[in-house]
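Below: the structure, in structure tokens.
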Amino acid sequence: MDYFIELFCSGLTRGAIYALIALGYTMVYGIIGLINFAHGEIYMIGAFTSFIVATVLSIYGFPLLAIVVLAGLAAVVWSSAYGYTVEKIAYKPLRHAPRLSPLISAIGMSIFLQNYVLLAQTSDFLPFPTLIPEFAFMEPVAHIVGSTDIVILITTTIMMLILTVVIKGTKVGKAMRATSQDRTMAMLVGINVNRIISVTFIIGSALAAVGGLLIASHIGQINFFIGFLAGIKAFTAAVLGGIGSIPGAVLGGLVLGLTESFATGYVSSDYEDVFAFSLLVFILIFKPSGLLGKAETKKV
Amino acid sequence: MSLLKEMKKGLFTSLWFVFLTFPLMVIKVDPIERVVRWRWENALYVAVGTFLMYLLVTFLMQRKNARAATETEVDADRESFIHRLIASPRQKYLLGGALLAVAIAFPFFSSSYQTNVMTTALMYVVLGLGLNIVVGMAGLLDLGYVAFYAVGAYSYALLNHHFGLGFWAVLPIGGGLAAIFGILLGFPVLRLRGDYLAIVTLGFGEIIRLILENWGEFSKGPSGISNISRPGLFGLELNLDAAIIYIYYLMILFMIVTIFIVNRLQDSRLGRAWIALREDEIACQAMGIDKRKTKLVAFSLGAFWAGIIGVVFAAKTTFINPASFTFLESAIILAIVVLGGMGSIIGVILAALILILLPEYLRALSEYRMLAFGAILVAMMVFRPQGLIANIRRTYIFEKEKSPAEKS
Amino acid sequence: MMDTPILKISGLTMDFGGIRALNRLDLDVHAGEIVALIGPNGAGKTTFFNCLTGIYAPTAGEIILTPPQGGKSISLKGLKPNQVTEKGLARTFQNIRLFSQMTVLENVMIGRHCRTRAFILGAIFRNAATRREEREIVEMSYAILEKVGLAGVANEFAKNLSYGAQRRLEIARALATEPFLLLLDEPAAGMNPQETQELDRLIREISDDGLSILLIEHDMKLVMSLSDRIFVMDYGKKIAQGVPSEIRSNPAVIKAYLGEEVDA
Ligand SMILES: Nc1ncnc2c1ncn2[C@@H]1O[C@H](COP(=O)(O)OP(=O)(O)O)[C@@H](O)[C@H]1O
Ligand SMILES: [Mg+2]
């Protein structure tokens, strides 16, 4: 039973982080219909930035709390800046290009960013500093649920709540929803669509950065390539939930995290990634509209 | 826009990039030794680099816009130097013959190392031409092309290892198996929308690689298969240098055959259907084209080529492991097609030679190879989606009414 | 007319989520007829074409096609668009869908696809049969271009043609599939009066060649001059049918549609 709960919790943690990254895919897809292939790299850059800032601050002897806050802040700021810039360079000029052009551009961006980080930093795995201490009150259950798991779950929940408030309650959120429903109409009623697209990239990137920070401190090491796999898995989560749907991304993330956790725990861990990829292939083939998305007839 | 204003914007952009790249470019930490290195000089490079880049991009954009503004019936003017060069068949054959002569003479005045490099480049030419059928002509973004390459390579490695089958026997088997894989995968996925198809093929490619890595009994896992036989020449055992030259000539032959076939396909009923499919699927179907079947043929034909070259790859290196078949490999081949110009045969040949040979001969560049490939994909989409050498369509001349004579 | 209609539609219904775009539609076309389908924007006319040609799968109803020269009746329901075309139904699109990166001639040649056979081996080896077929494709396509008056621009890119010429190219492309029933979706949209007049003549010529025509059009002058019969739709329903003179004076039609342009 303990083992079951342990797997459940680790699945939940994984799932929560997949969900954080999946939100970026789903929001961008909802607004410009693009699979933002470089989103995984934004997450990787978030992890790297927080690694650099946290390590520098700890070398200079800052207290742990300050390190956590500043590293998190830096990750969010720089990831957002990268997300914003990537959109301006690689996607905005292609707004009216054939559908596959921005996707190819996104793949190029993804490869570029990976190798940029590789060249600017290193190809080695780097040890990520411990940012989340083992809490004393968690002692009795520590063999089942780690403190990082709790922190990740709480942080993710808070992020999602904030996102919900932004999207449901603010003017920007309303404009985002309008734009994703019908971009031309949104433009006609005076919404600055380019600005809304930028905001979407910034929000998505910020969420990915938080995901990057959390997962890096959970796993304890990073390198320039972590964005590829995490990106694919998060995309799988987004599609599983129904791409374009925000609750879908969360649901998809959790389902993927839990199934992965149980499959590796009870079946075999050799084929962990094969499992995720197969799931991706199967959903796209058999239910491309996902769990919460609705199937549409393309208008001719 | 005034120059001063451009300069100001350029300055602002370069400041933004200095900020953007600051943590990654300037700071370098060693978490074990606990030392921080501040590489301020990098900030300067970024600033200057961005500024120059900004000016270049602005210039290119202005030129592109100016062109778009004057573009009416100037398609003829847009034809590049190369198009004009090959416009007349005589010049085309002369040029082709000259290039072929150089290619045949090449091994005699260069080292086996260089011949080997050239063989690799030729392999990418053929891979590029194969993927060009799928992506360039039929418009199917296949990100798992490397999987078919792996099928070919492992077919030869395993059949050679277990049953001692030779290169020539496995060549059609490898190509055929890859084509069958193409059909098996294509059947369920080809009804998907373009971007989903791309992701599914990527997933498929990764699945194949992961299986090769993890299923040790079958593929010997990450350590790979070694001591694969080189191709034989009528039962002759060749020494290493001779084998390198032999494979080089084989690749020349394969390339010529590929160019011939792709060229004929392009101007056929099937080739037209592919291009129409790329342009507008719905109109295509309404014109009576079976979308599923036509796509499947393109997909498996492309896979066939990848399989063939996979066999050659295994025979050339005599050692393969799953690390040779990552997504990046697919991305490199895609970059060749995109840089060359979707659907353009000469473009793809040129692009393969540039992308494979340049980093090989300019060692300083080889470190930046993948960075450049990524940048090329973005830049081509933004500035020149038609590629280095745009594909031109065949024209027909009608001398008298109702008695059309053809001319390519 | 006593003969069996070449196209008989009964109870055709199409739902999109909550919207019922077609509501139990009945319609028939006889051999050699020009039938017009009119109705305000959003009435469901294009949706009707899409259901006929297999692009949408209708929710309910039956579509029966009977080839004119004593062919067997077949149901078009569940057929893929290319199969529908093979059966002898061809269409044009309201929002022009040409292959813009191909030449004008090649666009028409695509239409020959479903009537020709050459495949991979034929393409590679170019045997005598393939060469003959290829020549026939070119000749026939060129002849069709002459018919619609585009032979002079055969080697231009389709995207460089004027709007009216693009619409005529759409018709040429459809004719290349050798249909016996031609569906035209607003062929005169965006044409100037002179172009419309040429279109009028072209449609008559096609009709004289023995094809039946089902025409969606807003230009009432064209509709009234060409049509043998007219069907009127509104909100997915058929609200009237009859010969032009009957439709002109039908109060329901005037109310729904002709209100602003009774003078047509
Ligand atoms: N693929 C689709 N999905 C949802 N609604 C559609 C689709 N195609 C058409 N419709 C709706 O069906 C109705 C009829 O449209 P249409 O057939 O284009 O009208 P018409 O051609 O008569 O102007 C419209 O309300 C349109 O919005
Ligand atoms: Mg319409």
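Letters A, B, ... go to the chains of the structure tokens in the order shown; residues in each chain start at 1; ligands are counted from 1 in the same order.
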Next item on the list: Considering only C-alpha atoms, return as JSON, numbers by chain whatever protein or nucleic-acid residues lie within 7 Å of Phe231 (chain C), sequence-local ones (same chain, fewer than 5 positions apart) excluded.
Entry: {"C": [36, 37, 38, 240, 241, 242]}
Notebook entry, point to check: So which residues are near ligand 1, meaning at most 9 Å away with only C-alpha atoms and all ligand atoms counted, given back as a PyMOL selection string?
Noted result: (chain A and resi 296-300) or (chain C and resi 14-17+19-22+38-50+56+94+185-186+216+233-236)
Put those residues in a file: C-alpha atoms, as a CSV table (one decimal), in the first residue's frame.
chain,number,residue,atom,x,y,z
A,296,GLU,CA,-14.7,19.8,-35.5
A,297,THR,CA,-15.4,19.6,-39.2
A,298,LYS,CA,-13.1,21.9,-41.0
A,299,LYS,CA,-15.0,24.5,-42.9
A,300,VAL,CA,-14.7,24.4,-46.6
C,14,MET,CA,-26.5,18.3,-41.9
C,15,ASP,CA,-25.8,19.3,-38.3
C,16,PHE,CA,-22.8,21.1,-37.0
C,17,GLY,CA,-22.9,20.8,-33.3
C,19,ILE,CA,-26.5,24.3,-35.9
C,20,ARG,CA,-28.7,22.6,-38.5
C,21,ALA,CA,-27.2,23.8,-41.8
C,22,LEU,CA,-29.4,21.6,-44.0
C,38,ILE,CA,-30.3,30.3,-54.7
C,39,GLY,CA,-30.8,31.7,-51.2
C,40,PRO,CA,-29.3,34.3,-48.9
C,41,ASN,CA,-25.8,34.0,-47.5
C,42,GLY,CA,-25.6,31.3,-44.8
C,43,ALA,CA,-28.6,29.5,-46.2
C,44,GLY,CA,-26.6,26.3,-46.5
C,45,LYS,CA,-25.9,26.2,-50.3
C,46,THR,CA,-22.2,25.5,-50.1
C,47,THR,CA,-22.8,23.0,-47.3
C,48,PHE,CA,-25.2,21.3,-49.7
C,49,PHE,CA,-22.4,21.0,-52.3
C,50,ASN,CA,-20.0,19.8,-49.6
C,56,TYR,CA,-18.9,16.6,-45.3
C,94,GLN,CA,-16.8,29.4,-53.9
C,185,ASP,CA,-20.5,27.5,-56.6
C,186,GLU,CA,-21.0,31.2,-57.3
C,216,ILE,CA,-25.3,28.4,-57.0
C,233,MET,CA,-33.2,27.8,-49.8
C,234,ASP,CA,-33.3,29.7,-46.6
C,235,TYR,CA,-32.0,28.6,-43.2
C,236,GLY,CA,-31.2,25.1,-44.6
Checklist line | Interface residues on chain A facing chain B, 7 Å, only C-alpha atoms, written as an MDAnalysis selection string | finding: chainID A and resid 49 52 55:56 59 78 81:82 90 93:94 100:101 104:105 108:109 111:112 115:117 120:121 270 274 277 281 284:285
Next item on the list: For chain B, work out the contacting residues on chain C at 7 Å, counting only C-alpha atoms, and write them as a PyMOL selection string.
Entry: chain C and resi 81-83+85-86+97+99+102+110-111+113-114+118-119+123-124+139+143+155+174+177
With all heavy atoms retained, export the selected residues as a compact mmCIF listing (two decimals), in the first residue's frame.
# COMPACT_ATOMS: atom_id res chain seq x y z
N PRO C 81 -14.53 12.08 -51.43
CA PRO C 81 -14.66 13.08 -52.49
C PRO C 81 -14.12 12.60 -53.83
O PRO C 81 -14.74 12.84 -54.87
CB PRO C 81 -13.84 14.26 -51.96
CG PRO C 81 -13.85 14.11 -50.50
CD PRO C 81 -13.92 12.65 -50.21
N ASN C 82 -12.97 11.91 -53.80
CA ASN C 82 -12.41 11.48 -55.08
C ASN C 82 -13.28 10.42 -55.74
O ASN C 82 -13.38 10.36 -56.97
CB ASN C 82 -10.98 10.98 -54.90
CG ASN C 82 -10.87 9.86 -53.89
OD1 ASN C 82 -11.23 10.05 -52.73
ND2 ASN C 82 -10.40 8.72 -54.32
N GLN C 83 -13.94 9.58 -54.93
CA GLN C 83 -14.83 8.57 -55.51
C GLN C 83 -16.04 9.24 -56.15
O GLN C 83 -16.50 8.82 -57.22
CB GLN C 83 -15.27 7.59 -54.43
CG GLN C 83 -14.11 6.75 -53.90
CD GLN C 83 -14.48 5.95 -52.68
OE1 GLN C 83 -15.14 6.47 -51.77
NE2 GLN C 83 -14.06 4.70 -52.63
N THR C 85 -16.09 12.15 -57.49
CA THR C 85 -15.64 12.71 -58.76
C THR C 85 -15.54 11.62 -59.83
O THR C 85 -15.90 11.83 -60.98
CB THR C 85 -14.28 13.40 -58.57
OG1 THR C 85 -14.37 14.29 -57.48
CG2 THR C 85 -13.88 14.16 -59.81
N GLU C 86 -15.02 10.45 -59.43
CA GLU C 86 -14.92 9.35 -60.38
C GLU C 86 -16.28 8.95 -60.94
O GLU C 86 -16.40 8.52 -62.08
CB GLU C 86 -14.29 8.12 -59.71
CG GLU C 86 -12.78 8.14 -59.74
CD GLU C 86 -12.20 7.07 -58.83
OE1 GLU C 86 -12.85 6.03 -58.63
OE2 GLU C 86 -11.10 7.30 -58.29
N ARG C 97 -10.04 27.62 -55.01
CA ARG C 97 -9.00 26.73 -54.47
C ARG C 97 -8.19 26.15 -55.59
O ARG C 97 -8.24 24.96 -55.86
CB ARG C 97 -9.63 25.60 -53.67
CG ARG C 97 -10.56 26.02 -52.58
CD ARG C 97 -10.99 24.84 -51.76
NE ARG C 97 -9.93 24.47 -50.86
CZ ARG C 97 -10.09 24.40 -49.54
NH1 ARG C 97 -11.24 24.66 -48.98
NH2 ARG C 97 -9.09 24.04 -48.78
N PHE C 99 -4.43 25.33 -57.47
CA PHE C 99 -3.09 24.96 -57.03
C PHE C 99 -2.16 26.09 -57.46
O PHE C 99 -1.69 26.13 -58.59
CB PHE C 99 -2.68 23.63 -57.65
CG PHE C 99 -3.70 22.55 -57.41
CD1 PHE C 99 -4.41 21.99 -58.45
CD2 PHE C 99 -3.99 22.13 -56.11
CE1 PHE C 99 -5.36 21.01 -58.23
CE2 PHE C 99 -4.95 21.15 -55.89
CZ PHE C 99 -5.63 20.60 -56.95
N MET C 102 1.23 25.88 -59.27
CA MET C 102 1.32 25.13 -60.52
C MET C 102 0.83 26.01 -61.65
O MET C 102 0.11 26.97 -61.43
CB MET C 102 0.44 23.86 -60.43
CG MET C 102 0.86 22.94 -59.30
SD MET C 102 -0.25 21.54 -59.11
CE MET C 102 0.54 20.35 -60.14
N ILE C 110 -4.28 18.13 -63.63
CA ILE C 110 -4.64 17.44 -62.39
C ILE C 110 -6.05 16.85 -62.51
O ILE C 110 -6.34 15.76 -62.04
CB ILE C 110 -4.58 18.41 -61.19
CG1 ILE C 110 -3.13 18.72 -60.83
CG2 ILE C 110 -5.30 17.83 -59.97
CD1 ILE C 110 -2.38 17.57 -60.26
N GLY C 111 -6.92 17.60 -63.20
CA GLY C 111 -8.28 17.10 -63.38
C GLY C 111 -8.33 15.79 -64.15
O GLY C 111 -9.26 15.00 -63.99
N HIS C 113 -6.41 13.37 -63.70
CA HIS C 113 -5.81 12.31 -62.87
C HIS C 113 -6.72 11.09 -62.77
O HIS C 113 -6.29 9.95 -62.96
CB HIS C 113 -5.51 12.86 -61.47
CG HIS C 113 -4.73 11.93 -60.62
ND1 HIS C 113 -3.36 11.99 -60.51
CD2 HIS C 113 -5.11 10.90 -59.83
CE1 HIS C 113 -2.94 11.04 -59.71
NE2 HIS C 113 -3.97 10.36 -59.27
N CYS C 114 -8.00 11.33 -62.48
CA CYS C 114 -8.86 10.19 -62.17
C CYS C 114 -9.29 9.44 -63.43
O CYS C 114 -9.94 8.41 -63.35
CB CYS C 114 -10.07 10.64 -61.37
SG CYS C 114 -11.08 11.84 -62.22
N ALA C 118 -1.24 5.90 -65.30
CA ALA C 118 0.19 5.71 -65.09
C ALA C 118 0.57 5.84 -63.62
O ALA C 118 0.07 6.72 -62.92
CB ALA C 118 0.98 6.72 -65.91
N PHE C 119 1.48 4.94 -63.16
CA PHE C 119 1.84 4.99 -61.75
C PHE C 119 3.36 5.01 -61.61
O PHE C 119 4.06 5.46 -62.52
CB PHE C 119 1.19 3.81 -61.01
CG PHE C 119 0.79 4.17 -59.63
CD1 PHE C 119 -0.02 5.25 -59.38
CD2 PHE C 119 1.24 3.42 -58.55
CE1 PHE C 119 -0.38 5.60 -58.08
CE2 PHE C 119 0.88 3.73 -57.26
CZ PHE C 119 0.07 4.83 -57.02
N ALA C 123 5.90 6.11 -64.50
CA ALA C 123 6.58 7.40 -64.37
C ALA C 123 8.08 7.24 -64.56
O ALA C 123 8.72 8.07 -65.20
CB ALA C 123 6.28 8.01 -63.00
N ILE C 124 8.64 6.17 -64.01
CA ILE C 124 10.09 6.01 -64.06
C ILE C 124 10.55 5.55 -65.45
O ILE C 124 11.48 6.10 -66.02
CB ILE C 124 10.57 5.01 -62.99
CG1 ILE C 124 10.30 5.60 -61.60
CG2 ILE C 124 12.05 4.71 -63.16
CD1 ILE C 124 10.59 4.64 -60.47
N GLU C 139 -2.95 17.26 -74.38
CA GLU C 139 -3.81 17.72 -75.48
C GLU C 139 -5.21 18.05 -75.00
O GLU C 139 -5.77 19.10 -75.31
CB GLU C 139 -3.87 16.66 -76.58
CG GLU C 139 -2.68 16.74 -77.50
CD GLU C 139 -2.61 15.55 -78.46
OE1 GLU C 139 -3.62 14.80 -78.56
OE2 GLU C 139 -1.56 15.38 -79.09
N ALA C 143 -7.09 21.64 -74.89
CA ALA C 143 -8.37 21.86 -75.58
C ALA C 143 -9.39 22.48 -74.63
O ALA C 143 -10.13 23.39 -75.00
CB ALA C 143 -8.89 20.54 -76.13
N ASN C 155 0.92 28.61 -69.57
CA ASN C 155 2.13 28.39 -68.79
C ASN C 155 2.32 29.39 -67.65
O ASN C 155 3.35 29.40 -67.00
CB ASN C 155 3.35 28.41 -69.71
CG ASN C 155 3.43 27.12 -70.52
OD1 ASN C 155 3.17 26.04 -70.01
ND2 ASN C 155 3.75 27.25 -71.80
N ALA C 174 -12.53 21.37 -63.44
CA ALA C 174 -13.63 20.44 -63.17
C ALA C 174 -14.02 19.69 -64.44
O ALA C 174 -14.28 18.49 -64.41
CB ALA C 174 -14.83 21.19 -62.60
N THR C 177 -12.25 16.43 -65.50
CA THR C 177 -12.56 15.14 -64.88
C THR C 177 -13.69 14.40 -65.61
O THR C 177 -14.13 13.36 -65.16
CB THR C 177 -12.97 15.31 -63.41
OG1 THR C 177 -14.23 15.98 -63.36
CG2 THR C 177 -11.96 16.11 -62.62
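Between CA of Ala351 (chain B) and CA of Ile245 (chain B) lies a distance of 23.4 Å.
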Checklist line | Within 10 Å of Val172 (chain A) using only C-alpha atoms, minus same-chain residues under 3 positions, as a PyMOL selection string | finding: chain A and resi 166-169+175-178+191+195-196+199-200
Those same residues, written as an mmCIF file, in the first residue's frame with N, CA and C atoms?
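File again-v3.cif, as written:
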data_model
loop_
_atom_site.group_PDB
_atom_site.id
_atom_site.type_symbol
_atom_site.label_atom_id
_atom_site.label_comp_id
_atom_site.auth_asym_id
_atom_site.auth_seq_id
_atom_site.Cartn_x
_atom_site.Cartn_y
_atom_site.Cartn_z
ATOM 1 N N VAL A 166 -6.344 35.047 -13.952
ATOM 2 C CA VAL A 166 -5.940 35.940 -15.043
ATOM 3 C C VAL A 166 -6.847 35.729 -16.254
ATOM 4 N N ILE A 167 -7.078 34.452 -16.590
ATOM 5 C CA ILE A 167 -7.830 34.195 -17.816
ATOM 6 C C ILE A 167 -9.322 34.476 -17.659
ATOM 7 N N LYS A 168 -9.856 34.128 -16.501
ATOM 8 C CA LYS A 168 -11.289 34.324 -16.307
ATOM 9 C C LYS A 168 -11.621 35.756 -15.926
ATOM 10 N N GLY A 169 -10.730 36.383 -15.148
ATOM 11 C CA GLY A 169 -11.139 37.637 -14.509
ATOM 12 C C GLY A 169 -10.600 38.913 -15.098
ATOM 13 N N ALA A 175 -9.502 39.073 -23.510
ATOM 14 C CA ALA A 175 -9.008 39.298 -24.874
ATOM 15 C C ALA A 175 -8.347 38.039 -25.415
ATOM 16 N N MET A 176 -7.641 37.312 -24.536
ATOM 17 C CA MET A 176 -7.008 36.069 -24.978
ATOM 18 C C MET A 176 -8.050 35.066 -25.436
ATOM 19 N N ARG A 177 -9.106 34.958 -24.625
ATOM 20 C CA ARG A 177 -10.138 33.982 -24.996
ATOM 21 C C ARG A 177 -10.804 34.385 -26.306
ATOM 22 N N ALA A 178 -11.062 35.673 -26.450
ATOM 23 C CA ALA A 178 -11.694 36.136 -27.686
ATOM 24 C C ALA A 178 -10.801 35.841 -28.884
ATOM 25 N N ILE A 191 -9.213 44.513 -30.451
ATOM 26 C CA ILE A 191 -8.189 43.886 -29.610
ATOM 27 C C ILE A 191 -6.867 43.926 -30.349
ATOM 28 N N ARG A 195 -0.313 42.019 -29.469
ATOM 29 C CA ARG A 195 0.037 42.144 -28.058
ATOM 30 C C ARG A 195 -0.467 40.926 -27.288
ATOM 31 N N ILE A 196 -1.677 40.487 -27.620
ATOM 32 C CA ILE A 196 -2.249 39.336 -26.911
ATOM 33 C C ILE A 196 -1.413 38.089 -27.165
ATOM 34 N N VAL A 199 1.587 38.331 -25.003
ATOM 35 C CA VAL A 199 1.240 38.035 -23.611
ATOM 36 C C VAL A 199 1.099 36.526 -23.407
ATOM 37 N N THR A 200 0.482 35.872 -24.384
ATOM 38 C CA THR A 200 0.315 34.423 -24.270
ATOM 39 C C THR A 200 1.665 33.720 -24.175
#
Next item on the list: as a count of residues only, list the residues of region 88-123 of chain C assigned to strand (DSSP E or B) by DSSP on the backbone atoms of this structure.
Entry: 4
Notebook entry, point to check: Just asking: which residues within region 142-331 of chain B are helix (DSSP H, G or I) according to DSSP, as an MDAnalysis selection string?
Noted result: chainID B and resid 145:163 167:189 194:214 216:219 221:223 240:266 269:279 281:286 291:317 322:325 327:331
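Taking CA of Leu12 (chain A) and CA of Ile203 (chain A) as endpoints, the distance between them is 22.8 Å.
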Notebook entry, point to check: Any idea what's packed within 10 Å of Asn192 (chain C), counting only C-alpha atoms, ignoring anything in its chain fewer than 5 positions away? Could you give it as a ChimeraX atom specification?
Noted result: /C:163-164,197
Check: Excluding same-chain residues fewer than 2 positions from region 157-168 of chain B, what lies within 12 Å of it counting only C-alpha atoms, as a count of residues only?
Finding: 45
Margin query: Taking 6 positions as the minimum chain separation for residues in the same chain, which residues sit within 12 Å of Ile356 (chain B) when counting only C-alpha atoms? Answer as a VMD selection string.
Written below: chain B and resid 117 to 125 128 329 332 to 333 335 to 336 348 to 350 362 to 363 365 to 366 369 to 370 372 to 373
Next item on the list: Find the residues near region 206-212 of chain A: any atom within 6 Å, counting only C-alpha atoms, skip ones fewer than 5 places away on the same chain, and give them as number ranges by chain.
Entry: A: 17, 20-21, 43, 46-47, 75-76, 79-80
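You can rank C:Thr4, C:Asn95, C:Thr66, C:Thr130 by their closest distance to chain A using only C-alpha atoms, and at the top of that list sits C:Asn95.
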Check: With distances taken over only C-alpha atoms, which of C:Gln69, C:Ser10, C:Thr92, C:Ser245 is nearest to chain A?
Finding: C:Thr92
